[in-house]
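Presented below is the structure to which this report refers.
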Amino acid sequence: MEIKIREQENVAILSLSGRLDLASGATLKEHLKKLTDEKTIQIHLNLAEVEFINSSGLGALVSIMKEIRLLKGRLTLSNLASYVQEIFEITQLSHIFEIYTTEDEALASYQPVEAN
Amino acid sequence: MSDVIEQIGQLLARLQSPDVVEREEAVHGLGSVKQDEAIAGLVVAMEDPDLGIREIAADYLSRIGGDTASQLLIRFLANEDIGTRNLASEVLIKIGAEAVPALVENIDEDDHDVRKFICDVLGLIGHESATEALLGRLWDENLNVICSAAEALGYVGSTEALDGLYAVAERIGDATLQAIEAIGKIGSKESLDFLYKQINGDDPMVTLVAVEAVGQIGCAESVSHLAPFIDAEDRTTADAAMAAIIAISRANEGRIEYDLPLDKFTGFLFEGIRNRDQAITEFTLSRLSNWFGSKVISGLIDVIGFVEGDELKRITELLGDVGPKVAKPILERLSDAPLTHQSKLLDIIARFVDENIAVDLLPYVHHDNAEIRQRIAHMLGSSGFKGAVKDLKILATDTNGHVRAAAYSALGWLCSEADTDFIMGGLDDKYADVREAAVGALIIIGGSKVVAKLTADLYHDDIERQRLAVSSLGWIGEVEVVEPLLKAINHPDAGVRKSAIGSLVRIGSVPDIEPITLALNDENSGVRKAAITALLALRGTESVKDVAILLEDEDVWVRYHTISSLGDLNRSELAHYIMPYLEDDLDIIKLAAAKALAQMGCREAVPILNNMTDDRNEDLAKAARMALSSIGGK
């Protein structure tokens with residue numbers, strides 16, 4: 001799996017391509033660990049190029065989500081291919097992940113809020 | 001004509017009948033005749049003892065309208081019976097502009113009550129032609145008439161009335177408030193200087209009404225004149241100033257270049273939302289995007305039960321934007337909130353739920369309402385809080401199927417292989433939703449224990465369990481599911497065989513291709529088609545020889561699928577397999593061959609395709625034209 005990382009207004013955007021399975025799930029978790037160690041806790045995963053995801057890949061995403069929540073951060077997903085979307089529906093993970101149709105929509109949801 | 005008069009005469013006589021039905025029929029009869037005599041009859045019916053008849057007569061009169069009806073109705077404005085008087089006023093208002101000349105003609109009546117009622121009616125009709133007559137009544141000897149005339153001029157809205165109203169406001173103390181209100185209703189910017197003078201006067205009531213009037217005029221520059229009053233000790237004046245600023249904000253599409261001490265008005269603003277005041281709600285919500293003090297957060301949470309639709313969506317979004325700190329005040333209010341309110345509050349914190357919030361949510365596992373229990377199950381699952389597993393297992397045995405389904409899904413997000421046996425129990429549930437949720441949980445958990453259980457389920461007594469097992473193994477997609485799936489290609493059920501092949505294609509790495517190759521001879525055409533797709537996906541051109549045998553399959557759709565699948569390889573060297581089928585007996589096969597050869601870029605097919613463009617089957621001719629266009633032939 002290939003993972004491209006860029007940052008936009010305090011949100012780390014990871015564009016994944018290929019198969020998300022046991023090995024690539026572990027790699028993804030390592031990338032996330034590096035980001036959170038650097039205090040980046042707003043993460044967006046663009047799954048447009050993910051062609052396959054299995055049980056281990058889902059487990060990796062759930063584990064990442066729990067980690068980000070623990071750090072009071074935020075994880076969003078976008079561009080789910082129909083196959084990936086189907087497995088998210090079957091596992092009901094669509095209820096716990098913040099899923100957006102496009103990356104732009106997801107990033108727009110990170111608008112900063114000022115507190116008085 | 002004499003017949004009509006005679007008919008009216010009879011109807012008028014029937015109006016005196018003791019029988020209410022007969023009188024009602026008479027009224028209907030009179031209502032259908034638009035002659036003065038009939039109108040007079042309807043006016044008489046306005047005093048009928050029966051309310052229903054009076055209302056029918058009033059309805060006819062308002063529809064007939066005109067001067068005669070109006071003149072007759074004005075007489076009722078002096079009637080001692082308040083009900084009759086009000087009914088006559090209503091009819092005159094409904095007649096509208098046509099009644100104005102008659103009302104103006106009678107506005108100098110001796111009876112001051114009639115003069116007052118006429119002013120009231122003219123105001124509610126609101127026609128500009130009444131302005132002059134009403135201006136005349138501003139100097140009436142009776143104060144009530146003056147007040148009514150001033151109010152009416154406000155409703156009419158003509159700027160011609162302004163000078164008269166200024167004079168009344170300044171010279172007739174008891175009519176000042178009505179005059180200022182009217183000036184506000186007229187809404188002319190030229191009144192602002194007069195009103196600014198009034199708001200700075202000594203009388204607090206005049207100040208209050210003038211503030212409201214300035215708000216009604218809606219000029220952005222007025223905000224600086226109103227702003228000092230939002231610090232007034234008298235809350236009524238302060239709230240009126242705030243309401244006036246809100247009105248101005250609305251009139252100027254929210255653009256106010258003035259810093260307002262909004263925190264002082266949280267009570268007023270949220271009270272406005274509770275009272276469903278559209279202007280205050282709109283103002284409050286539009287200004288909250290950068291205004292999140294703790295009073296505001298509490299206020300927003302408390303008004304959730306008072307809003308719906310778009311406003312509710314905006315409030316929940318606003319609270320969501322505040323972030324995790326919104327969870328604490330919500331949890332503090334959750335148990336005391338009404339049921340509908342609770343669901344909305346839970347939805348807001350669902351996005352932020354973590355282990356700490358999950359602990360506070362555990363008691364709600366026993367909530368009376370199933371919808372709340374369902375939400376709690378999802379939230380506990382997404383919290384990642386392992387301590388919630390025990391409570392989720394309780395919810396997995398809930399009496400409500402939706403709650404059980406939510407609980408099994410959540411268990412999938414939290415549990416490990418050790419809980420496989422419990423989750424397998426969900427596959428026995430009587431509701432499909434619950435069984436599917438359990439399958440979802442097993443897919444996430446994965447691992448060798450789950451795979452072993454599902455592999456055993458491939459040979460369960462229940463065919464549905466067999467099919468759930470094969471699809472679950474496919475979704476798990478790990479290396480250890482490949483062998484059971486390869487074995488499942490020989491399963492007695494065709495659905496299981498087909499699903500196993502489809503899953504193997506998705507997984508991709510299949511060490512032994514032979515079971516799939518053998519499936520090309522399966523008795524079920526669906527399985528044969530799945531095998532074609534699988535072999536070409538897994539081995540590409542290496543499988544073409546095996547697959548090509550099915551170009552002669554007994555089932556036309558298998559033949560069609562084979563041609564299409566070979567076409568999808570986009571390899572021109574495979575065209576010789578397809579060429580013969582361009583002249584098949586069946587149009588559907590010729591059509592598939594045309595498309596496949598186009599994908600392969602086969603120029604040898606051009607002459608046959610050229611002939612095909614004139615085929616009587618329009619679909620075939622069209623496919624040939626498209627193929628030629630793709631290959632680059634004629």
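Chain labels follow the order of the structure tokens: the first chain is A, the next B, and so on; residue numbering restarts at 1 in every chain, and ligands are counted from 1 in their shown order.
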Non-local contacts of segment 424-431 of chain B (9 Å; only C-alpha atoms; under 3 positions in same chain excluded) as a JSON list (two decimals) with all heavy atoms, in the first residue's frame:
```json
[["chain", "number", "residue", "atom", "x", "y", "z"],
["B", 396, "ALA", "N", -27.31, -6.90, 24.15],
["B", 396, "ALA", "CA", -27.42, -7.90, 23.08],
["B", 396, "ALA", "C", -28.52, -8.92, 23.38],
["B", 396, "ALA", "O", -28.90, -9.69, 22.50],
["B", 396, "ALA", "CB", -26.09, -8.61, 22.88],
["B", 401, "GLY", "N", -35.30, -5.73, 19.01],
["B", 401, "GLY", "CA", -34.36, -6.19, 17.99],
["B", 401, "GLY", "C", -33.37, -5.13, 17.54],
["B", 401, "GLY", "O", -32.20, -5.41, 17.32],
["B", 404, "ARG", "N", -30.68, -4.94, 20.08],
["B", 404, "ARG", "CA", -29.77, -6.09, 19.99],
["B", 404, "ARG", "C", -28.81, -5.90, 18.81],
["B", 404, "ARG", "O", -27.61, -6.15, 18.92],
["B", 404, "ARG", "CB", -30.57, -7.39, 19.81],
["B", 404, "ARG", "CG", -31.42, -7.76, 21.02],
["B", 404, "ARG", "CD", -31.78, -9.24, 21.03],
["B", 404, "ARG", "NE", -32.55, -9.69, 19.88],
["B", 404, "ARG", "CZ", -33.87, -9.52, 19.73],
["B", 404, "ARG", "NH1", -34.56, -8.88, 20.67],
["B", 404, "ARG", "NH2", -34.49, -9.96, 18.66],
["B", 405, "ALA", "N", -29.35, -5.45, 17.67],
["B", 405, "ALA", "CA", -28.50, -5.26, 16.49],
["B", 405, "ALA", "C", -27.41, -4.24, 16.78],
["B", 405, "ALA", "O", -26.23, -4.45, 16.46],
["B", 405, "ALA", "CB", -29.35, -4.81, 15.31],
["B", 408, "TYR", "N", -24.74, -5.80, 19.06],
["B", 408, "TYR", "CA", -23.80, -6.71, 18.39],
["B", 408, "TYR", "C", -22.78, -5.93, 17.55],
["B", 408, "TYR", "O", -21.60, -6.25, 17.53],
["B", 408, "TYR", "CB", -24.55, -7.72, 17.52],
["B", 408, "TYR", "CG", -24.99, -8.93, 18.32],
["B", 408, "TYR", "CD1", -26.33, -9.16, 18.62],
["B", 408, "TYR", "CD2", -24.05, -9.84, 18.80],
["B", 408, "TYR", "CE1", -26.72, -10.25, 19.36],
["B", 408, "TYR", "CE2", -24.44, -10.94, 19.55],
["B", 408, "TYR", "CZ", -25.78, -11.15, 19.83],
["B", 408, "TYR", "OH", -26.15, -12.23, 20.58],
["B", 419, "ASP", "N", -14.37, -13.33, 22.61],
["B", 419, "ASP", "CA", -15.83, -13.18, 22.68],
["B", 419, "ASP", "C", -16.54, -13.81, 21.47],
["B", 419, "ASP", "O", -17.74, -13.59, 21.28],
["B", 419, "ASP", "CB", -16.18, -11.69, 22.76],
["B", 419, "ASP", "CG", -15.62, -11.05, 24.02],
["B", 419, "ASP", "OD1", -16.05, -11.45, 25.11],
["B", 419, "ASP", "OD2", -14.74, -10.19, 23.89],
["B", 420, "THR", "N", -15.80, -14.57, 20.67],
["B", 420, "THR", "CA", -16.37, -15.14, 19.44],
["B", 420, "THR", "C", -17.65, -15.95, 19.72],
["B", 420, "THR", "O", -18.66, -15.79, 19.01],
["B", 420, "THR", "CB", -15.32, -16.05, 18.75],
["B", 420, "THR", "OG1", -14.16, -15.28, 18.51],
["B", 420, "THR", "CG2", -15.86, -16.60, 17.44],
["B", 421, "ASP", "N", -17.60, -16.80, 20.74],
["B", 421, "ASP", "CA", -18.76, -17.67, 21.01],
["B", 421, "ASP", "C", -20.01, -16.84, 21.30],
["B", 421, "ASP", "O", -21.10, -17.15, 20.82],
["B", 421, "ASP", "CB", -18.47, -18.61, 22.19],
["B", 421, "ASP", "CG", -17.48, -19.69, 21.80],
["B", 421, "ASP", "OD1", -17.43, -20.00, 20.59],
["B", 421, "ASP", "OD2", -16.76, -20.18, 22.69],
["B", 434, "VAL", "N", -30.29, -8.39, 13.34],
["B", 434, "VAL", "CA", -29.40, -8.78, 14.43],
["B", 434, "VAL", "C", -28.36, -9.78, 13.91],
["B", 434, "VAL", "O", -27.17, -9.67, 14.22],
["B", 434, "VAL", "CB", -30.21, -9.42, 15.59],
["B", 434, "VAL", "CG1", -29.29, -9.79, 16.75],
["B", 434, "VAL", "CG2", -31.30, -8.46, 16.07],
["B", 435, "ARG", "N", -28.82, -10.73, 13.08],
["B", 435, "ARG", "CA", -27.88, -11.71, 12.52],
["B", 435, "ARG", "C", -26.81, -10.99, 11.68],
["B", 435, "ARG", "O", -25.63, -11.30, 11.77],
["B", 435, "ARG", "CB", -28.64, -12.73, 11.65],
["B", 435, "ARG", "CG", -29.65, -13.56, 12.43],
["B", 435, "ARG", "CD", -30.09, -14.79, 11.65],
["B", 435, "ARG", "NE", -30.84, -14.48, 10.45],
["B", 435, "ARG", "CZ", -32.16, -14.29, 10.38],
["B", 435, "ARG", "NH1", -32.90, -14.37, 11.49],
["B", 435, "ARG", "NH2", -32.76, -14.02, 9.24],
["B", 436, "GLU", "N", -27.26, -10.00, 10.88],
["B", 436, "GLU", "CA", -26.30, -9.27, 10.05],
["B", 436, "GLU", "C", -25.32, -8.46, 10.90],
["B", 436, "GLU", "O", -24.14, -8.34, 10.57],
["B", 436, "GLU", "CB", -27.04, -8.34, 9.08],
["B", 436, "GLU", "CG", -27.63, -9.12, 7.92],
["B", 436, "GLU", "CD", -28.70, -8.35, 7.16],
["B", 436, "GLU", "OE1", -28.77, -7.12, 7.33],
["B", 436, "GLU", "OE2", -29.45, -9.00, 6.42],
["B", 437, "ALA", "N", -25.83, -7.90, 12.02],
["B", 437, "ALA", "CA", -24.94, -7.14, 12.91],
["B", 437, "ALA", "C", -23.90, -8.07, 13.52],
["B", 437, "ALA", "O", -22.72, -7.70, 13.64],
["B", 437, "ALA", "CB", -25.75, -6.46, 14.00],
["B", 438, "ALA", "N", -24.32, -9.29, 13.87],
["B", 438, "ALA", "CA", -23.37, -10.25, 14.44],
["B", 438, "ALA", "C", -22.32, -10.63, 13.39],
["B", 438, "ALA", "O", -21.12, -10.74, 13.71],
["B", 438, "ALA", "CB", -24.13, -11.49, 14.93],
["B", 439, "VAL", "N", -22.76, -10.80, 12.16],
["B", 439, "VAL", "CA", -21.81, -11.09, 11.07],
["B", 439, "VAL", "C", -20.80, -9.95, 10.95],
["B", 439, "VAL", "O", -19.59, -10.18, 10.84],
["B", 439, "VAL", "CB", -22.58, -11.29, 9.73],
["B", 439, "VAL", "CG1", -21.64, -11.15, 8.55],
["B", 439, "VAL", "CG2", -23.24, -12.65, 9.71],
["B", 442, "LEU", "N", -18.27, -10.19, 13.63],
["B", 442, "LEU", "CA", -17.31, -11.29, 13.39],
["B", 442, "LEU", "C", -16.29, -10.89, 12.32],
["B", 442, "LEU", "O", -15.11, -11.25, 12.41],
["B", 442, "LEU", "CB", -18.07, -12.55, 12.96],
["B", 442, "LEU", "CG", -18.92, -13.21, 14.06],
["B", 442, "LEU", "CD1", -19.84, -14.26, 13.47],
["B", 442, "LEU", "CD2", -18.05, -13.80, 15.16],
["B", 450, "VAL", "N", -12.61, -17.19, 14.75],
["B", 450, "VAL", "CA", -13.80, -16.80, 13.99],
["B", 450, "VAL", "C", -13.84, -17.57, 12.67],
["B", 450, "VAL", "O", -14.88, -18.11, 12.28],
["B", 450, "VAL", "CB", -13.81, -15.28, 13.72],
["B", 450, "VAL", "CG1", -14.92, -14.91, 12.74],
["B", 450, "VAL", "CG2", -13.98, -14.51, 15.01],
["B", 453, "LYS", "N", -14.97, -21.14, 13.25],
["B", 453, "LYS", "CA", -16.42, -21.22, 13.54],
["B", 453, "LYS", "C", -17.22, -21.05, 12.25],
["B", 453, "LYS", "O", -18.20, -21.75, 12.01],
["B", 453, "LYS", "CB", -16.82, -20.13, 14.54],
["B", 453, "LYS", "CG", -16.30, -20.33, 15.93],
["B", 453, "LYS", "CD", -17.24, -21.22, 16.72],
["B", 453, "LYS", "CE", -16.71, -21.41, 18.14],
["B", 453, "LYS", "NZ", -17.47, -22.44, 18.85],
["B", 454, "LEU", "N", -16.81, -20.08, 11.44],
["B", 454, "LEU", "CA", -17.56, -19.82, 10.20],
["B", 454, "LEU", "C", -17.37, -20.95, 9.19],
["B", 454, "LEU", "O", -18.29, -21.30, 8.46],
["B", 454, "LEU", "CB", -17.14, -18.48, 9.60],
["B", 454, "LEU", "CG", -17.57, -17.23, 10.38],
["B", 454, "LEU", "CD1", -16.92, -15.97, 9.79],
["B", 454, "LEU", "CD2", -19.08, -17.07, 10.38],
["B", 465, "ARG", "N", -27.49, -19.90, 7.22],
["B", 465, "ARG", "CA", -26.25, -19.84, 7.98],
["B", 465, "ARG", "C", -25.05, -20.16, 7.07],
["B", 465, "ARG", "O", -23.98, -19.56, 7.19],
["B", 465, "ARG", "CB", -26.28, -20.85, 9.14],
["B", 465, "ARG", "CG", -27.09, -20.39, 10.33],
["B", 465, "ARG", "CD", -26.38, -19.32, 11.14],
["B", 465, "ARG", "NE", -25.28, -19.81, 11.93],
["B", 465, "ARG", "CZ", -25.37, -20.15, 13.21],
["B", 465, "ARG", "NH1", -26.53, -20.04, 13.84],
["B", 465, "ARG", "NH2", -24.32, -20.58, 13.88],
["B", 468, "LEU", "N", -24.43, -17.06, 5.01],
["B", 468, "LEU", "CA", -23.82, -16.01, 5.85],
["B", 468, "LEU", "C", -22.35, -16.33, 6.09],
["B", 468, "LEU", "O", -21.49, -15.45, 6.05],
["B", 468, "LEU", "CB", -24.54, -15.92, 7.20],
["B", 468, "LEU", "CG", -25.77, -15.03, 7.31],
["B", 468, "LEU", "CD1", -26.33, -15.09, 8.73],
["B", 468, "LEU", "CD2", -25.43, -13.58, 6.96]]
```
Residues of chain B within 7 Å of chain A: nearest atom pair and distance (Å, one decimal) for each, counting only C-alpha atoms, sorted by chain and number, as a tab-separated table?
```
residue	atom	partner	partner_atom	distance
B:Asn290	CA	A:Glu114	CA	5.3
B:Trp291	CA	A:Asn116	CA	5.7
B:Phe292	CA	A:Ala115	CA	4.9
B:Gly293	CA	A:Asn116	CA	5.1
B:Asp321	CA	A:Val113	CA	6.5
B:Val322	CA	A:Val113	CA	6.8
B:Asp354	CA	A:Arg69	CA	6.2
B:Ser382	CA	A:Ile96	CA	5.6
B:Gly384	CA	A:Lys66	CA	5.5
B:Ser409	CA	A:Gln92	CA	6.2
B:Trp413	CA	A:Val62	CA	6.9
B:Ala437	CA	A:Thr91	CA	6.7
B:Gly440	CA	A:Thr91	CA	3.8
B:Ala441	CA	A:Thr91	CA	6.1
B:Ile443	CA	A:Ser55	CA	5.8
B:Ile444	CA	A:Ser55	CA	5.1
B:Ile445	CA	A:Ser55	CA	6.9
B:Gly446	CA	A:Ser55	CA	5.6
B:Trp475	CA	A:Asn54	CA	6.2
B:Ile476	CA	A:Ser55	CA	4.6
B:Gly477	CA	A:Asn54	CA	5.0
B:Glu478	CA	A:Asn54	CA	6.6
```
Keeping only C-alpha atoms, write the selected residues as a PDB file, in the first residue's frame.
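Just written: again-v7.pdb:
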```pdb
ATOM      1  CA  ASN B 290     -17.978  33.006  17.092  1.00  0.00           C
ATOM      2  CA  TRP B 291     -19.678  33.390  20.440  1.00  0.00           C
ATOM      3  CA  PHE B 292     -19.320  30.374  22.688  1.00  0.00           C
ATOM      4  CA  GLY B 293     -19.241  31.456  26.303  1.00  0.00           C
ATOM      5  CA  ASP B 321     -18.518  22.730  16.580  1.00  0.00           C
ATOM      6  CA  VAL B 322     -17.831  23.609  20.224  1.00  0.00           C
ATOM      7  CA  ASP B 354     -14.613   8.664  24.767  1.00  0.00           C
ATOM      8  CA  SER B 382     -17.565   3.938  19.386  1.00  0.00           C
ATOM      9  CA  GLY B 384     -13.516   2.292  22.549  1.00  0.00           C
ATOM     10  CA  SER B 409     -22.340  -4.066  16.051  1.00  0.00           C
ATOM     11  CA  TRP B 413     -15.860  -2.644  17.577  1.00  0.00           C
ATOM     12  CA  ALA B 437     -24.937  -7.144  12.909  1.00  0.00           C
ATOM     13  CA  GLY B 440     -20.425  -7.540  10.889  1.00  0.00           C
ATOM     14  CA  ALA B 441     -18.908  -7.958  14.345  1.00  0.00           C
ATOM     15  CA  ILE B 443     -15.820  -9.710  10.252  1.00  0.00           C
ATOM     16  CA  ILE B 444     -14.097  -6.994  12.285  1.00  0.00           C
ATOM     17  CA  ILE B 445     -12.856  -9.409  14.935  1.00  0.00           C
ATOM     18  CA  GLY B 446     -11.580 -11.871  12.310  1.00  0.00           C
ATOM     19  CA  TRP B 475     -15.306 -10.203   3.812  1.00  0.00           C
ATOM     20  CA  ILE B 476     -12.770 -11.289   6.445  1.00  0.00           C
ATOM     21  CA  GLY B 477     -10.453 -11.759   3.484  1.00  0.00           C
ATOM     22  CA  GLU B 478      -7.432 -13.053   5.401  1.00  0.00           C
TER      23      GLU B 478
END
```
Practice prompt. Write out as a ChimeraX atom specification the residues lying within 8 Å of Lys185 of chain B, counting only C-alpha atoms and excluding same-chain residues fewer than 5 positions away.
Written response: /B:154-155,157,213,216-217
Mind writing the picked residues with N, CA, C and O atoms as a compact mmCIF listing (two decimals), in the first residue's frame?
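Output saved as result-v6.txt:
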```txt
# COMPACT_ATOMS: atom_id res chain seq x y z
N GLY B 154 -51.24 54.39 10.98
CA GLY B 154 -50.06 53.52 10.99
C GLY B 154 -50.27 52.33 10.07
O GLY B 154 -49.40 51.96 9.29
N TYR B 155 -51.45 51.72 10.14
CA TYR B 155 -51.73 50.57 9.28
C TYR B 155 -51.79 50.97 7.80
O TYR B 155 -51.35 50.24 6.93
N GLY B 157 -50.24 53.43 6.38
CA GLY B 157 -48.83 53.49 6.01
C GLY B 157 -48.44 54.61 5.07
O GLY B 157 -47.37 54.55 4.45
N ALA B 213 -40.33 51.61 17.51
CA ALA B 213 -40.62 52.23 16.21
C ALA B 213 -39.35 52.34 15.36
O ALA B 213 -39.35 52.06 14.16
N GLN B 216 -38.61 49.11 13.87
CA GLN B 216 -39.49 48.78 12.73
C GLN B 216 -39.02 49.45 11.44
O GLN B 216 -39.16 48.89 10.36
N ILE B 217 -38.46 50.63 11.56
CA ILE B 217 -38.00 51.34 10.36
C ILE B 217 -36.80 50.61 9.74
O ILE B 217 -36.64 50.56 8.53
```
Item to complete: Please run DSSP on the backbone and report, as an MDAnalysis selection string, all residues within segment 38-93 of chain A that come out as alpha helix (DSSP H).
Response: chainID A and resid 55:70 82:90
With N, CA, C and O atoms retained, export the selected residues as an mmCIF file, in the first residue's frame.
```cif
data_model
loop_
_atom_site.group_PDB
_atom_site.id
_atom_site.type_symbol
_atom_site.label_atom_id
_atom_site.label_comp_id
_atom_site.auth_asym_id
_atom_site.auth_seq_id
_atom_site.Cartn_x
_atom_site.Cartn_y
_atom_site.Cartn_z
ATOM 1 N N SER A 55 -10.426 -7.873 7.125
ATOM 2 C CA SER A 55 -10.663 -7.795 8.560
ATOM 3 C C SER A 55 -9.541 -7.056 9.287
ATOM 4 O O SER A 55 -9.801 -6.181 10.125
ATOM 5 N N SER A 56 -8.315 -7.366 8.929
ATOM 6 C CA SER A 56 -7.181 -6.700 9.601
ATOM 7 C C SER A 56 -7.136 -5.220 9.261
ATOM 8 O O SER A 56 -6.813 -4.386 10.105
ATOM 9 N N GLY A 57 -7.477 -4.889 8.019
ATOM 10 C CA GLY A 57 -7.506 -3.483 7.603
ATOM 11 C C GLY A 57 -8.565 -2.722 8.386
ATOM 12 O O GLY A 57 -8.324 -1.602 8.863
ATOM 13 N N LEU A 58 -9.731 -3.342 8.555
ATOM 14 C CA LEU A 58 -10.790 -2.699 9.344
ATOM 15 C C LEU A 58 -10.341 -2.538 10.790
ATOM 16 O O LEU A 58 -10.557 -1.496 11.410
ATOM 17 N N GLY A 59 -9.703 -3.602 11.310
ATOM 18 C CA GLY A 59 -9.209 -3.553 12.684
ATOM 19 C C GLY A 59 -8.234 -2.402 12.875
ATOM 20 O O GLY A 59 -8.273 -1.704 13.893
ATOM 21 N N ALA A 60 -7.374 -2.194 11.865
ATOM 22 C CA ALA A 60 -6.403 -1.100 11.956
ATOM 23 C C ALA A 60 -7.136 0.249 12.008
ATOM 24 O O ALA A 60 -6.785 1.122 12.817
ATOM 25 N N LEU A 61 -8.163 0.417 11.183
ATOM 26 C CA LEU A 61 -8.907 1.685 11.179
ATOM 27 C C LEU A 61 -9.606 1.913 12.519
ATOM 28 O O LEU A 61 -9.609 3.022 13.053
ATOM 29 N N VAL A 62 -10.220 0.838 13.053
ATOM 30 C CA VAL A 62 -10.907 0.971 14.351
ATOM 31 C C VAL A 62 -9.890 1.343 15.425
ATOM 32 O O VAL A 62 -10.147 2.230 16.261
ATOM 33 N N SER A 63 -8.733 0.695 15.395
ATOM 34 C CA SER A 63 -7.713 0.972 16.393
ATOM 35 C C SER A 63 -7.223 2.424 16.285
ATOM 36 O O SER A 63 -7.035 3.111 17.294
ATOM 37 N N ILE A 64 -7.048 2.900 15.054
ATOM 38 C CA ILE A 64 -6.614 4.292 14.850
ATOM 39 C C ILE A 64 -7.676 5.251 15.384
ATOM 40 O O ILE A 64 -7.381 6.239 16.060
ATOM 41 N N MET A 65 -8.937 4.918 15.101
ATOM 42 C CA MET A 65 -10.014 5.801 15.562
ATOM 43 C C MET A 65 -10.026 5.899 17.087
ATOM 44 O O MET A 65 -10.160 6.983 17.655
ATOM 45 N N LYS A 66 -9.865 4.746 17.746
ATOM 46 C CA LYS A 66 -9.867 4.754 19.222
ATOM 47 C C LYS A 66 -8.702 5.605 19.747
ATOM 48 O O LYS A 66 -8.862 6.371 20.692
ATOM 49 N N GLU A 67 -7.554 5.463 19.124
ATOM 50 C CA GLU A 67 -6.361 6.194 19.537
ATOM 51 C C GLU A 67 -6.585 7.706 19.401
ATOM 52 O O GLU A 67 -6.293 8.483 20.308
ATOM 53 N N ILE A 68 -7.149 8.090 18.279
ATOM 54 C CA ILE A 68 -7.384 9.528 18.029
ATOM 55 C C ILE A 68 -8.405 10.076 19.030
ATOM 56 O O ILE A 68 -8.266 11.185 19.536
ATOM 57 N N ARG A 69 -9.426 9.277 19.304
ATOM 58 C CA ARG A 69 -10.437 9.741 20.280
ATOM 59 C C ARG A 69 -9.830 9.927 21.658
ATOM 60 O O ARG A 69 -10.167 10.862 22.376
ATOM 61 N N LEU A 70 -8.958 8.998 22.001
ATOM 62 C CA LEU A 70 -8.311 9.069 23.307
ATOM 63 C C LEU A 70 -7.521 10.362 23.442
ATOM 64 O O LEU A 70 -7.433 10.950 24.509
ATOM 65 N N SER A 82 -17.022 1.707 -3.753
ATOM 66 C CA SER A 82 -18.269 1.004 -3.416
ATOM 67 C C SER A 82 -17.995 -0.262 -2.596
ATOM 68 O O SER A 82 -18.743 -0.590 -1.677
ATOM 69 N N TYR A 83 -16.892 -0.944 -2.904
ATOM 70 C CA TYR A 83 -16.575 -2.166 -2.150
ATOM 71 C C TYR A 83 -16.292 -1.837 -0.681
ATOM 72 O O TYR A 83 -16.780 -2.487 0.244
ATOM 73 N N VAL A 84 -15.518 -0.780 -0.466
ATOM 74 C CA VAL A 84 -15.172 -0.373 0.901
ATOM 75 C C VAL A 84 -16.422 0.128 1.632
ATOM 76 O O VAL A 84 -16.662 -0.186 2.800
ATOM 77 N N GLN A 85 -17.227 0.865 0.891
ATOM 78 C CA GLN A 85 -18.471 1.385 1.481
ATOM 79 C C GLN A 85 -19.369 0.222 1.931
ATOM 80 O O GLN A 85 -19.978 0.274 3.001
ATOM 81 N N GLU A 86 -19.388 -0.831 1.117
ATOM 82 C CA GLU A 86 -20.238 -1.985 1.429
ATOM 83 C C GLU A 86 -19.802 -2.648 2.731
ATOM 84 O O GLU A 86 -20.619 -2.959 3.594
ATOM 85 N N ILE A 87 -18.513 -2.819 2.893
ATOM 86 C CA ILE A 87 -18.040 -3.488 4.115
ATOM 87 C C ILE A 87 -18.242 -2.583 5.340
ATOM 88 O O ILE A 87 -18.539 -3.055 6.435
ATOM 89 N N PHE A 88 -18.168 -1.264 5.124
ATOM 90 C CA PHE A 88 -18.466 -0.335 6.228
ATOM 91 C C PHE A 88 -19.931 -0.434 6.633
ATOM 92 O O PHE A 88 -20.268 -0.288 7.806
ATOM 93 N N GLU A 89 -20.796 -0.673 5.673
ATOM 94 C CA GLU A 89 -22.219 -0.816 5.992
ATOM 95 C C GLU A 89 -22.462 -2.132 6.722
ATOM 96 O O GLU A 89 -23.172 -2.170 7.722
ATOM 97 N N ILE A 90 -21.870 -3.207 6.206
ATOM 98 C CA ILE A 90 -22.082 -4.528 6.812
ATOM 99 C C ILE A 90 -21.614 -4.543 8.267
ATOM 100 O O ILE A 90 -22.278 -5.084 9.144
#
```
Worksheet entry | Near-His44 of chain A list (8 Å; only C-alpha atoms; drop same-chain fewer than 5 positions) as a list in words |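 Once the nearby chain positions are removed, what remains is Val11, Ala12, Ile13, Leu14, Leu75, Thr76, Leu77, Ser78, Ala106 and Leu107 of chain A.
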Keeping C-alpha atoms, export the residues of the selection given above as a compact mmCIF listing (two decimals), in the first residue's frame.
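Once everything was written out, this is part-v9.txt:
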```txt
# COMPACT_ATOMS: atom_id res chain seq x y z
CA VAL A 11 -5.21 18.52 9.37
CA ALA A 12 -2.96 15.68 8.23
CA ILE A 13 -4.31 14.22 5.01
CA LEU A 14 -3.31 10.66 4.23
CA LEU A 75 -10.52 11.28 12.34
CA THR A 76 -12.47 11.64 9.10
CA LEU A 77 -12.67 9.43 6.02
CA SER A 78 -13.65 10.21 2.46
CA ALA A 106 -14.32 16.54 5.03
CA LEU A 107 -11.75 19.34 5.26
```
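Within 7 Å of segment 51-60 of chain B there are B:Glu24, B:Val27, B:Gly31, B:Leu42, B:Ala45, B:Met46, B:Glu47, B:Asp48, B:Arg63, B:Ile64, B:Val91, counting only C-alpha atoms and ignoring same-chain residues fewer than 3 positions away.
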